[in-house]
Amino acid sequence: MNIKQALSLTLALLALGRVSADEITPEAQHAAAQIAATTCSTCHGTGGRNTSPIFPNLAAQTAPYIEAQLKAFRDQTRADPDAQAYMWGMASQLKDDAISAIAAHYAAQAAAPGHAGDAKLIGRGKSIFEQGVPDKGIAACATCHGAHAQGNGPFPRLAGQHASYLIKQMLVIQSALRQAPVMHGVIKDLGREQMLDVATYLESLGPSG
Amino acid sequence: MGAFLLLAGLAAPPAHAVPSFARQTGMACSACHTVFPELTPFGREFKLNAYVIDNIRQIKGETMERRETLALNSIPPLSMMVQISYSHTSKALPDSQVSGALAKDGDVLFPDQVSFFYAGKIANDLGAFMQLTYSGAADHFGIDNTDIRYARYLSQAEPDEKGASGSNSWFSTHDVLVGITLNNNPTVQDVWNTIPAWGFPYVASSISPSPAASSKIASIGQTAAGLGVYTWIDHSLYVEFSGYAAAQTGGVHPLDSQAANVLRGFSPYWRAAYEYHWDRNSLEVGTYGINASILPGGGHPLSGPTDRFTDTAIDAQYQYIGEESIFTVLATYIHENGHLDASVPQGLASNSSDTLNTAKATFEYAYRRMINASLGYFSTTGTTDPLLYAQAPVTGSATGAPNSRGYIFEFDYLPFLNTKLTAQYTGYSKFNGGSTNYDGSGRSASDNNVLYLQLWISF
């Protein structure tokens with residue numbers, strides 16, 4: 001399966017399981033806000049913005065991506081070590097409508113601010129993000145994640161995300177600890193230095209990219 | 001007093017990490033612990049929020065007005081801990097019955113301790129950590145550390161939704177958690193690992209001699225009942241005020257002259273701490289203390305003047321939690337002022353006022369939560385008081401000085417997150433006031449050096 005086919009399949013599968021924002025009842029919205037405030041915020045911070053790179057920022061993350069991940073945690077199909085340690089339990093009792101409401105809640109939050117890093121790394125990372133690494137056959141990240149890394153449907157927002165979290169995710173995807181069919185193919189030849197470059201660039205991006 | 005010193009010497013530190021929390025939350029031990037029982041920032045949040053985060057099916061009850069009357073875990077958060085140990089002191093202890101003979105050198109306790117826990121949610125916002133422990137050395141089963149608490153948010157910072165104008169009130173921009181704790185050991189309710197109840201060493205030999213003097217805040221656990229209120233603001237500032245009253249188990253009740261070291265009235269306890277987070281680091285600095293009035297009892301009526309102790313402490317904790325490496329630095333210093341208005345007339349102390357200073361510092365390094373090495377330093381200094389620290393073989397002091405000093409080296413191997421194999425060595429350069437012949441019976445401080453091997457399983 002080539003990357004385009006995998007992309008189409010992923011999009012189709014995610015579309016099947018989605019509940020649109022219009023279907024989320026006010027009660028579910030309220031419950032989601034409560035869960036977010038009392039439970040999720042313990043690690044992910046108020047409004048899904050936090051300072052610990054152990055836990056990802058969720059603010060302004062795309063709703064389809066959050067939905068897919070929460071379902072993967074609940075079904076234990078996302079099985080990287082941190083997913084098992086933290087999120088399998090957290091997602092285990094969530095029903096589909098609650099997942100949709102939580103996803104919509106975080107998608108509506110203002111994005112985390114960017115954090116400037118080493119300009120040299122940022123420059124190299126920007127190049128990888130926008131143009132890929134042609135001699136290794138690595139596609140431009142912007143193709144799926146958006147020109148400003150703002151995310152696109154099932155492809156997550158990366159702008160403003162903690163650099164060390166992004167690197168860890170690339171590593172667990174590369175080592176197949178985390179299943180991500182499209183990303184496996186895209187980053188299989190991405191080196192550690194290039195991961196640092198692109199992650200530093202992404203962390204530096206603010207809400208507007 | 002001799003009996004009291006012996007008991008003090010035999011008191012092993014508490015040791016806890018409970019899989020019932022994992023059962024309730026569905027989260028691995030590593031979410032709340034670096035290497036158990038030391039807490040991570042998330043573990044501290046879990047405890048301050050009253051142990052109620054749950055991810056298992058609930059048995060619910062509601063009134064017609066939709067008020068929740070029951071939210072009970074469908075599986076009770078129960079767990080068990082077993083510790084098996086071997087202790088070997090540098091020089092064998094005297095035989096308890098035959099003068100001049102020595103006890104067996106090297107002692108296996110199977111078990112050293114067995115504990116049963118209820119640890120988790122009781123209702124929404126209400127949770128408990130309750131422990132019953134059987135001690136192998138004492139052949140005794142009794143109440144151990146217990147902390148029942150209620151907590152809820154007074155306010156939470158409003159999320160900053162896209163395009164929302166937002167409110168400007170202080171409460172709309174701050175997370176303010178408030179809680180009530182009912183517990184049986186001052187500092188057991190605390191969430192940092194600097195304080196006596198949860199400080200290093202987390203385990204120690206229960207049969208080797210330990211220094212006679214310890215601060216009151218570290219020695220009245222399980223003989224007191226405390227009720228307190230706390231607040232946790234913006235996940236950074238912790239402030240607590242509590243009060244402790246006598247709550248001894250066993251013996252004659254109501255308490256009378258047969259009981260010893262009985263708290264009189266309500267002893268105030270305070271705690272303030274600030275924790276700052278950056279990247280994978282957290283740094284806490286704080287203060288805590290207690291003002292305790294104590295009736296010596298032990299054959300004397302529980303009336304009249306009291307001994308009054310004021311313990312004032314400072315502490316600091318640094319934690320770095322990396323993907324593979326975890327560093328922790330723990331430090332605390334406790335200064336105690338004692339006014340012995342009851343002990344002096346009863347012939348239990350020589351001075352009308354004494355001071356006692358205890359200091360501890362620990363450096364820990366863990367690799368992949370599988371291998372852990374710790375190095376600790378401890379020191380106790382204070383006023384010489386020949387009656388309070390009386391001469392006695394092994395447990396006493398020839399000079400009447402409480403001064404002790406030493407180090408602890410510990411190596412742990414955790415094949416699983418809930419199984420720990422420990423090799424610990426405690427060395428003393430000074431013990432109860434002296435380095436050589438500290439007890440007047442020819443024993444040296446280093447004779448009490450102890451190698452302690454332990455298997456600790458929690459399930």
# chains A, B, ... in the order shown; residues from 1 in each chain; ligands from 1

call {"tool": "interface_residues", "arguments": {"of": "chain A", "to": "chain B", "cutoff": "8 Å", "atoms": "only C-alpha atoms", "output": "ChimeraX atom specification"}}
result
/A:37,39,42-43,46-47,51-54,84-93,108-110

call {"tool": "residues_around", "arguments": {"residues": "Tyr118 (chain B)", "least_positions_apart": "3", "cutoff": "12 Å", "atoms": "only C-alpha atoms", "output": "ChimeraX atom specification"}}
result
/B:16-21,23-24,51,73,75-81,115,121-122,127-133,144-148

call {"tool": "select_by_dssp", "arguments": {"residues": "region 185-287 of chain B", "states": "helix (DSSP H, G or I)", "output": "VMD selection string"}}
result
chain B and resid 196 to 198 216 to 218

call {"tool": "write_last_selection", "arguments": {"atoms": "N, CA and C atoms", "output": "PDB file, in the first residue's frame"}}
result
ATOM      1  N   PRO B 196       8.798  13.332  57.499  1.00  0.00           N
ATOM      2  CA  PRO B 196       9.074  12.077  58.200  1.00  0.00           C
ATOM      3  C   PRO B 196       8.253  10.876  57.732  1.00  0.00           C
ATOM      4  N   ALA B 197       6.964  11.034  57.514  1.00  0.00           N
ATOM      5  CA  ALA B 197       6.128   9.861  57.233  1.00  0.00           C
ATOM      6  C   ALA B 197       6.497   9.173  55.929  1.00  0.00           C
ATOM      7  N   TRP B 198       6.973   9.916  54.950  1.00  0.00           N
ATOM      8  CA  TRP B 198       7.244   9.329  53.630  1.00  0.00           C
ATOM      9  C   TRP B 198       8.665   9.581  53.169  1.00  0.00           C
ATOM     10  N   LYS B 216       9.494  14.988  67.771  1.00  0.00           N
ATOM     11  CA  LYS B 216       8.128  14.554  68.095  1.00  0.00           C
ATOM     12  C   LYS B 216       7.282  14.383  66.844  1.00  0.00           C
ATOM     13  N   ILE B 217       7.495  15.257  65.872  1.00  0.00           N
ATOM     14  CA  ILE B 217       6.657  15.181  64.675  1.00  0.00           C
ATOM     15  C   ILE B 217       6.887  13.863  63.934  1.00  0.00           C
ATOM     16  N   ALA B 218       8.034  13.257  64.197  1.00  0.00           N
ATOM     17  CA  ALA B 218       8.348  11.997  63.512  1.00  0.00           C
ATOM     18  C   ALA B 218       8.017  10.781  64.364  1.00  0.00           C
TER      19      ALA B 218
END

call {"tool": "atom_distance", "arguments": {"atom1": "CA of Ala225 (chain B)", "atom2": "CA of Gly338 (chain B)"}}
result
21.4 Å

call {"tool": "residues_around", "arguments": {"residues": "Pro56 (chain A)", "least_positions_apart": "6", "cutoff": "9 Å", "atoms": "only C-alpha atoms", "output": "number ranges by chain"}}
result
A: 43-44, 48-50, 161-162, 165-166

call {"tool": "closest_residue", "arguments": {"among": "A:Asp75, A:His184, A:Leu190, A:His148", "to": "Asp135 (chain A)", "atoms": "only C-alpha atoms"}}
result
A:Leu190

call {"tool": "residues_around", "arguments": {"residues": "Asn403 (chain B)", "least_positions_apart": "2", "cutoff": "10 Å", "atoms": "only C-alpha atoms", "output": "list in words"}}
result
Pro211, Ala212, Ala213, Leu356, Asn357, Thr358, Ser379, Thr380, Thr381, Gly382, Thr383, Thr384, Ser397, Thr399, Gly400, Ala401, Arg405, Lys430, Phe431, Asn432, Gly433, Gly434 and Ser435 of chain B

call {"tool": "select_by_dssp", "arguments": {"residues": "region 110-309 of chain B", "states": "strand (DSSP E)", "output": "MDAnalysis selection string"}}
result
chainID B and resid 110:123 126:135 140:155 176:183 224:233 237:246 260:263 267:278 281:297 307:309
